[in-house]
Amino acid sequence: MIWLASFPRSGNTFVRNILFEVFGLESSTFDMHEGLLLEPGYLDFPVVKTHMLPGELIPDDPGIKAVYLVRDGRDALVSMAHHRSDIIAPGSPFRENLQAAIMAEKGSFFGGWSQNVKQWIGRADLIIRYEELIVNPAACIERIRLLAGWPEGDYSRIPTFAGLKFGLPRYGSGRDRSLSGEERKALAARNFRKGVAGAWQEEMPDDLMHLFWSMHGETMLKLGYHYGTPVPVSPDPDLDWEVLQKLGHAAPDAPIGRERIRVLVEADKLLSPVNDGVKRYEVALLKEFLHVHRNPMGRWHFSLLAGNRIQPIDAMEPLLEERFSGHSMASDQPAPLQLSLSARIQYLMLRMVPDAWKKWLTDHNIYLFHHLFDFGWRIVFFLTNQIRTGVKKLMRIVPRTHPFDYIPGGANGEHDPGTSGFNLAHLPLQHHYQPFVSSRLPKVVTLHDFTHRIYPEYHTRTNIRNAEAGWKYAVKNAAAIISVSESTAKDAQKFTHGGLRTDMDVVYHAIDRGRFHFRINGDDRRRVCGKYGIPEGVPFFLTLSSIEPRKNLPNILQAFFAVLAADTSMPLMLVVAGKQTWGSFTPHSLAGFNPQRVIFTGFVDDDDLPYLYSEALAYCYVSHYEGFGLPLLEAMNCGTPVIYGNNSSMPEVVGSAGLPADAGDFRSIATQMKRVYYDEALRLALRSQSLKQAARFSLHLMTRKTLDVYEKTLDTDSENPV
């Protein structure tokens, strides 16, 4: 027996008819309705069709071979919506059926297209794309035959799609139902509608296409389906190796005896309790690298340097899977990774100082104790380095058995932790350059912003010093620099004396679409709003708490109060999400402050953010400066209109999908708030545009372009040896 699995409307019935005609094989169906099997005797058949998820199979035996048929999700869902309108619920609205299938609320529609596909990619022994099946069915069926070990069949008997549609096929014409011949022909005509690829282009409305991509785009890319075309391509051999292998596509030949490219990524951010944009970028990228690393025939091997310990990326997986909120500060719990002794001392020293005292000193620009801490920590660096040097001398005598040429331990100080044995080093944050000062590895540095130059008043002196030293190091030593936006790249040129002499590639940030997408379920949205004290049915704007002054919360609040002052009757609220860290700013001191109209949520749970985005009239992110602005992308992928600061990278990220405002003028912000509130047609247009604009940014593209930078850097380094 083999499982013949697919998401509905992906060619399963077509394959069943081919197997019957070519090999004489009968097949059955495994499906359950309200806990009851629809075909109890299914195990007596050599082929069992199913749309269920792998974990729902009975028997759930991994030894049973499985074939998975996959189709462009847009075509599959359009066909499913027609199937429901024509057969399951005759006369039901096509558009409503299509939207319900796209959203697949609460695991309906066999888990939803993406979830069904992702789970079966892992379970299946081979994958067949529908688009290849209808073009060359004999080749696809031959792959199934070889997997199952069946004798050869008569491929001249393969039925055509038209023959099934206008005939009386074994499967798909209701042979087990009490129907007349004409009724069976009519049913077959509805079941075998078109049998072509790309029908979604004519039948899927643009707004639902954008909604589909906001939820399923990453899975589509993994399978070789792209945004603007119905023709699939071969999956990426580095990122999508599992799909590539199971599709039977040949990966590019590797040179005989070639070793993996060993990349060392600096990853101290993983240990930080502060979940800022840099950490979210790093976690997202490293999760993609983890899959690339696990390719048994792959070219890439990743290790991470964190807490001055070098470990394979697999060992750090628990940190990569840790859930966190992008708009709040995590609790000050120790990082779950085992740290070196010196790093533990640093954490202990920091925790000995009360948070309230550290905050008071920073708010009042008193940095004497920061300097004393830096001086004390340099002593720790020196002592640790002396110990490490002694161990190194000993290791020259004692044979090494460790697979990497490095010595664990030491501090994040001005010395090389031992980076030989690697081909490349990547610093996702320029501040953390110290471990690579003595390293001769080719390097890639990710550049996020220049706030320390443009708005130094928003930074401590220590942070400015570290950022500046890291940037100078990057300019002098980096073989390549990744900028997260064109705006940041222009800033880099502007703030570099004599201009940059190294390459710079723009690689945009991306978000996890599985988390940040529109939530349609009204009950769940009301539940989440109630959790944070947001009254039911009252429209609201959403913004961030004042994580730092450049986020511009005072002007956003002042703009909101100006809107209320212009029309006191409007039922409108402002929701300020995240843990409050006001600094010297007191929101209650603002003119017109109305505590009844502003809700400070405090900490927002990870899984609640998309519901707040989806419920909000608009998301207000009118920052003074952003290197990229990940929250804008999160909101847009939830279909939320955004009001953004008309400066730095934000116009580049938002495009025409939002409303720009002058961050320094609260009246400008208020004007855009009024437009969103009073103009429903504008809100609807912005929702659709937001989803469309968000489709430009993907984890798949971010990872691919980063790997391309690595390869270019290695090629350049080989041409210019040290």
# chains A, B, ... in the order shown; residues from 1 in each chain; ligands from 1
$ select_by_dssp --residues "stretch 452-520 of chain A" --states "strand (DSSP E or B)" --output "MDAnalysis selection string"
chainID A and resid 480:483 503:506
$ residues_around --residues "A:Gln119" --least-positions-apart "5" --cutoff "10 Å" --atoms "only C-alpha atoms" --output "PyMOL selection string"
chain A and resi 53-55+111+114+124
$ write_last_selection --atoms "N, CA and C atoms" --output "PDB file, in the first residue's frame"
ATOM      1  N   LEU A  53      -3.712  15.458   7.134  1.00  0.00           N
ATOM      2  CA  LEU A  53      -2.333  15.733   7.495  1.00  0.00           C
ATOM      3  C   LEU A  53      -1.631  14.445   7.902  1.00  0.00           C
ATOM      4  N   PRO A  54      -0.307  14.371   7.766  1.00  0.00           N
ATOM      5  CA  PRO A  54       0.411  13.119   8.059  1.00  0.00           C
ATOM      6  C   PRO A  54       0.148  12.573   9.459  1.00  0.00           C
ATOM      7  N   GLY A  55       0.064  13.460  10.456  1.00  0.00           N
ATOM      8  CA  GLY A  55      -0.160  13.001  11.823  1.00  0.00           C
ATOM      9  C   GLY A  55      -1.546  12.450  12.069  1.00  0.00           C
ATOM     10  N   GLY A 111      -6.041  21.727   7.306  1.00  0.00           N
ATOM     11  CA  GLY A 111      -4.905  22.433   7.885  1.00  0.00           C
ATOM     12  C   GLY A 111      -4.533  23.711   7.169  1.00  0.00           C
ATOM     13  N   SER A 114      -0.743  25.966   3.113  1.00  0.00           N
ATOM     14  CA  SER A 114       0.668  25.960   3.513  1.00  0.00           C
ATOM     15  C   SER A 114       0.971  24.861   4.520  1.00  0.00           C
ATOM     16  N   ALA A 124       6.579  12.887   2.762  1.00  0.00           N
ATOM     17  CA  ALA A 124       6.502  12.202   1.467  1.00  0.00           C
ATOM     18  C   ALA A 124       7.845  11.628   1.038  1.00  0.00           C
TER      19      ALA A 124
END
$ select_by_dssp --residues "stretch 147-351 of chain A" --states "helix (DSSP H, G or I)" --output "VMD selection string"
chain A and resid 147 to 148 155 to 157 161 to 165 181 to 191 200 to 203 206 to 222 241 to 247 268 to 271 277 to 293 313 to 321 341 to 351
$ residues_around --residues "A:Leu285" --least-positions-apart "3" --cutoff "9 Å" --atoms "only C-alpha atoms" --output "list in words"
Arg280, Tyr281, Glu282, Glu288, Phe289, Leu290, Ala510, Leu699, Met702, Thr703 and Thr706 of chain A
